[in-house]
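The structure appears right after this line, and notes come after that.
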Amino acid sequence: MASRGCNLECVTGEDAGKDVIEFMGPVKIILVDQPKNLYMRKRFAAAAIVLAHMMMGANSMIIFYYSLSFKKNTCLYASHMALGTAGFQLCMPSAILALHKLAGSTAVMRLPHRPFEHAFLQLFAIIFGVMSTLVTIFFGKFKITIHSIAGVAAGVLAILNVIFGTVIYDYKGTRIDIKELGRFREPFHKMHKFAGMLSFTLSSVCFMSGLVKQSFVKWAPVKEIPYISILFCVFYTLIVLYKPLKEH
C-alpha cells in the first residue's frame, strides 16, 4: 500500500467501498486497500504530468533553436525568446506541478518540503522573465501587442504573487494540510493560487501569440510546427491548471 501512495484518507468517501476493513480487539487494526478506480486515475494523472513536461521541453527547444537563427546584430534581442520561454513556459509550470502529489521531481520529498522546489523554480521563472522584458526594451523595438501585454502582465503578476507566497510559505517545513494555515493566512493562499493560475495563463497566451508571428512561421522548417507547438502549449496548460482549478 505504501508503494502506491495511499493511506486511510485517500479511500474515504464514495471510493472506499469494501477496501477499508476494520478489526476491533485489544488493538484496533485498519487494513486499507486502494480502490482500483482511484489507482487507475492516479496512473493516468502521473502519465499526463510526464507528457506535459515532455511537451514543455519540446516547445522550449524549438524556441531555443529559433533564437539561434538570428544574426549577430539581433542576437541579443532574440535572446528574449529563449529567456521568456525558459522562465514562463518551463520553470513556472514545472514549479506549479512540483506541488502535485504525483509529480516525479518531488516524489522523493516529504509533503511539507515540496513548496521549497516550487519557490526555487518560481524564482528562476521571475528572473528569466524580467531579463526577457529588459532585453526587449533595451535591445529591441518594444511594441504594444497582445504578445507584449500578456507577457508583461504575466511577469508583474508573478512578482506580486511573491508577496502572497511569502506570507503562506511553510518556513518550518512541517505543514501537511492547508487548513493548518489558520484563518488569517488562508485567504492569502487562495489569492496566491489564483494569481499564479492567471499569471501562467497569460504567459501561455503570450507564448502562443508569438508562435503565430510571421517571422516564426517563415522560419519553421515544417509549416505545421507552429500549430503543433500551440497544441502542446494548450495541453500542458490545461494539465498544469487542472488541479489548482479543481481545488480553488
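Please note that chains go A, B, ... in the order of the C-alpha cells, that every chain numbers its residues from 1, and that ligands are numbered from 1 in the order shown.
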**Item:** Exercise: range 95-102 of chain A partners within 9 Å, only C-alpha atoms, chain neighbours under 6 positions left out, as a PyMOL selection string
**Value:** chain A and resi 5+42-43+45-46+49+111+114-115+117-122+125+196-197+239-241+243-244
Take the selection from the previous step and output its residues with C-alpha atoms, as a compact mmCIF listing (two decimals), in the first residue's frame.
# COMPACT_ATOMS: atom_id res chain seq x y z
CA GLY A 5 0.96 6.26 -2.12
CA LYS A 42 -3.60 8.33 -10.47
CA ARG A 43 -1.77 6.36 -13.14
CA ALA A 45 -2.65 11.68 -13.99
CA ALA A 46 1.01 10.77 -13.45
CA ILE A 49 2.25 15.14 -15.94
CA LEU A 111 4.97 16.69 1.53
CA ARG A 114 7.71 20.37 -1.74
CA PRO A 115 6.97 24.12 -1.57
CA GLU A 117 11.14 23.36 -5.02
CA HIS A 118 8.07 25.34 -6.04
CA ALA A 119 9.59 28.58 -4.71
CA PHE A 120 13.02 27.75 -6.13
CA LEU A 121 11.71 27.23 -9.67
CA GLN A 122 9.43 30.26 -9.46
CA ALA A 125 10.91 31.94 -13.69
CA GLY A 196 -0.44 32.03 -10.08
CA MET A 197 -3.04 30.46 -12.35
CA ILE A 239 -2.70 19.81 -17.19
CA VAL A 240 -0.93 22.39 -15.03
CA LEU A 241 -4.12 24.29 -14.21
CA LYS A 243 -5.65 20.59 -10.05
CA PRO A 244 -5.49 24.24 -8.88
**Message:** Quick check, in Å to one decimal: how far apart do CA of Ala158 in chain A and CA of Leu134 in chain A lie?
**Reply:** 15.8 Å
**Message:** Which of range 5-236 of chain A end up as helix (DSSP H, G or I) when DSSP is run on this backbone - answer as a PyMOL selection string?
**Reply:** chain A and resi 8-11+36-68+72-97+111-139+146-168+178-211+214-219+225-236
**Request:** Could you tell me how far CA of Phe139 in chain A lies from CA of Ile225 in chain A, in Å and to one decimal?
**Result:**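 Separating CA of Phe139 in chain A from CA of Ile225 in chain A is a distance of 27.2 Å.
Residue nearest Leu160 in chain A, chosen from A:Phe194, A:Phe128, A:Phe138, A:Phe64 and counting only C-alpha atoms: A:Phe194.
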**Asked** Tell me, which residues of range 25-208 of chain A carry DSSP strand (DSSP E or B), written as a ChimeraX atom specification?
**Response** /A:29-32
Would you save the residues from that selection as an mmCIF file, in the first residue's frame, using N, CA and C atoms?
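Done, and the output landed in result_20.cif:
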data_model
loop_
_atom_site.group_PDB
_atom_site.id
_atom_site.type_symbol
_atom_site.label_atom_id
_atom_site.label_comp_id
_atom_site.auth_asym_id
_atom_site.auth_seq_id
_atom_site.Cartn_x
_atom_site.Cartn_y
_atom_site.Cartn_z
ATOM 1 N N ILE A 29 -7.171 -2.413 14.347
ATOM 2 C CA ILE A 29 -6.356 -2.548 13.138
ATOM 3 C C ILE A 29 -7.207 -2.180 11.930
ATOM 4 N N ILE A 30 -6.678 -1.316 11.090
ATOM 5 C CA ILE A 30 -7.382 -0.909 9.872
ATOM 6 C C ILE A 30 -6.522 -1.281 8.673
ATOM 7 N N LEU A 31 -7.062 -2.126 7.813
ATOM 8 C CA LEU A 31 -6.376 -2.508 6.586
ATOM 9 C C LEU A 31 -6.958 -1.698 5.431
ATOM 10 N N VAL A 32 -6.084 -1.059 4.691
ATOM 11 C CA VAL A 32 -6.524 -0.199 3.592
ATOM 12 C C VAL A 32 -6.009 -0.760 2.275
#
**Asked** Between A:Phe235, A:Ile146, A:Ser60, A:Arg185, which is the closest to Asp170 in chain A once you count only C-alpha atoms?
**Response**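 Ranking A:Phe235, A:Ile146, A:Ser60, A:Arg185 by distance to Asp170 in chain A, first place goes to A:Arg185.
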